[in-house]
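Chemist: Handing you a structure now.
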Amino acid sequence: MCAALAACTSAAATPPRPSASGDALLPTEAERAWELTGFPADQRPQVDPIRVVSIFEQPEATAACLRAAGYPRAVVVNGRVEPGEVAEAQLPSLTLSTYLCEAQYPADPLFDRPLSPDQVRTLYRYRSTEQRECLQGLGHAIAVPPTERAFVDGYAEHGGWNPMNSVPAFGFAGAEAACPALPAELSER
């Protein structure tokens with residue numbers, strides 16, 4: 001089912017785009033999501049965002065939007081949107097609806113910006129100490145982090161180890177408010 005959903009993303013197919021300074025920027029989440037719909041680029045609708053959400057609340061915002069759009073069984077399972085049973089003939093409509101919902105509730109663009117190697121190491125130190133301890137202080141069981149080298153080596157592929165992945169969906173909002181996703185020095189860049 002993931003092949004039909006814009007919610008199941010991969011950055012591999014979309015080439016980097018040039019920035020105003022001439023540097024290559026990675027494609028945005030919206031560009032990757034549209035590409036995965038399989039629809040032509042010239043058919044991509046202009047969507048006005050309703051609210052920017054954190055990467056942790058985006059799946060539930062998307063699922064709620066899909067329920068409102070006529071997919072009453074849409075839920076979040078292990079951080080991914082599952083629409084429930086959908087007839088084959090409805091897949092194009094579901095794909096477009098998923099894209100529209102994600103575009104209406106986009107993840108904070110802060111998470112679309114590539115990090116330098118030093119910034120990735122800063123993120124690791126924050127996640128493996130301050131954020132992990134903060135989440136544990138809220139009563140969440142957080143796994144032991146990988147080594148810094150393993151985190152840095154895997155960051156480009158999957159965003160590295162994230163202690164928020166151990167927080168149940170119902171606790172995301174409170175956990176994120178108390179233990180921000182990024183350290184201050186990265187959120188102000």
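To be explicit about the labels: the chains of the structure tokens are called A, B, and onward in the order shown, and within each one the residues are counted from 1, while ligands get numbers from 1 in the order they are shown.
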If we count only C-alpha atoms and set the cut-off at 6 Å, which residues sit around region 74-87 of chain A, ignoring sequence neighbours fewer than 5 positions away in its own chain? Please answer as a list in words.
Modeler: Pro59, Ala63 and Arg67 of chain A
Chemist: Would you save the residues from that selection as an mmCIF file, in the first residue's frame, using C-alpha atoms?
Modeler:
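Heads up, here's the output in out03.cif:
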```
data_model
loop_
_atom_site.group_PDB
_atom_site.id
_atom_site.type_symbol
_atom_site.label_atom_id
_atom_site.label_comp_id
_atom_site.auth_asym_id
_atom_site.auth_seq_id
_atom_site.Cartn_x
_atom_site.Cartn_y
_atom_site.Cartn_z
ATOM 1 C CA PRO A 59 1.111 11.655 10.537
ATOM 2 C CA ALA A 63 -4.757 10.860 9.009
ATOM 3 C CA ARG A 67 -10.769 10.925 7.542
#
```
Chemist: So that I can check the surroundings of Trp161 (chain A), please list as a ChimeraX atom specification every protein, DNA and RNA residue that reaches within 8 Å of it, counting only C-alpha atoms and ignoring chain neighbours fewer than 4 positions away.
Modeler: /A:145-146,151,155
Chemist: Please, what distance in Å, to one decimal, runs between CA of Tyr71 (chain A) and CA of Gln58 (chain A)?
Modeler: 16.8 Å
Chemist: Quick one: of A:Ser187, A:Ser54, A:Thr129, A:Thr37, who's nearest to Leu91 (chain A), counting only C-alpha atoms?
Modeler: A:Thr37
Chemist: Can you work out the spacing between CA of Val47 (chain A) and CA of Ser93 (chain A) in Å, to one decimal?
Modeler: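 Spanning CA of Val47 (chain A) to CA of Ser93 (chain A) is a straight-line distance of 16.0 Å.
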Chemist: What does the distance from CA of Asp118 (chain A) to CA of Val167 (chain A) come to in Å, to one decimal?
Modeler: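 The value is 26.7 Å.
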Chemist: Extract, using only C-alpha atoms, all DNA, RNA and protein residues at most 12 Å from region 169-177 of chain A, discarding same-chain residues fewer than 3 positions from it, and format them as a ChimeraX atom specification.
Modeler: /A:53-61,75-80,131-140,163-166,180-183
Chemist: Could you tell me, as a PyMOL selection string, which residues of region 16-105 of chain A DSSP assigns to alpha helix (DSSP H) when given the backbone?
Modeler: chain A and resi 29-37+58-68+91-104
Chemist: DSSP on the backbone, strand (DSSP E) only: what residues of region 61-131 of chain A does that give? Format it as a PyMOL selection string.
Modeler: chain A and resi 75-77+80-82
Chemist: Those selected residues, please, written with C-alpha atoms and delivered as an mmCIF file, in the first residue's frame.
Modeler:
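Now in result.cif:
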```
data_model
loop_
_atom_site.group_PDB
_atom_site.id
_atom_site.type_symbol
_atom_site.label_atom_id
_atom_site.label_comp_id
_atom_site.auth_asym_id
_atom_site.auth_seq_id
_atom_site.Cartn_x
_atom_site.Cartn_y
_atom_site.Cartn_z
ATOM 1 C CA VAL A 75 -5.094 5.851 11.265
ATOM 2 C CA VAL A 76 -1.460 6.142 12.283
ATOM 3 C CA VAL A 77 0.385 2.880 12.865
ATOM 4 C CA ARG A 80 2.883 5.877 9.258
ATOM 5 C CA VAL A 81 -0.512 6.743 7.863
ATOM 6 C CA GLU A 82 -2.577 3.660 7.035
#
```
Chemist: Sorted by chain and rising residue number, list the residues of region 15-121 of chain A at most 12 Å from region 125-128 of chain A (counting only C-alpha atoms), each with its closest atom pair and distance in Å to one decimal, as a Markdown table.
Modeler:
```
| residue | atom | partner | partner_atom | distance |
| --- | --- | --- | --- | --- |
| A:Asp118 | CA | A:Arg125 | CA | 10.7 |
| A:Gln119 | CA | A:Arg125 | CA | 9.8 |
| A:Val120 | CA | A:Arg125 | CA | 8.7 |
| A:Arg121 | CA | A:Arg125 | CA | 6.3 |
```
Chemist: Keeping only C-alpha atoms, take the residues you just selected and write them out as a tab-separated table (two decimals), in the first residue's frame.
Modeler:
```
chain	number	residue	atom	x	y	z
A	118	ASP	CA	29.36	19.50	12.39
A	119	GLN	CA	25.63	20.18	12.73
A	120	VAL	CA	24.87	16.45	12.50
A	121	ARG	CA	27.33	15.83	15.35
```
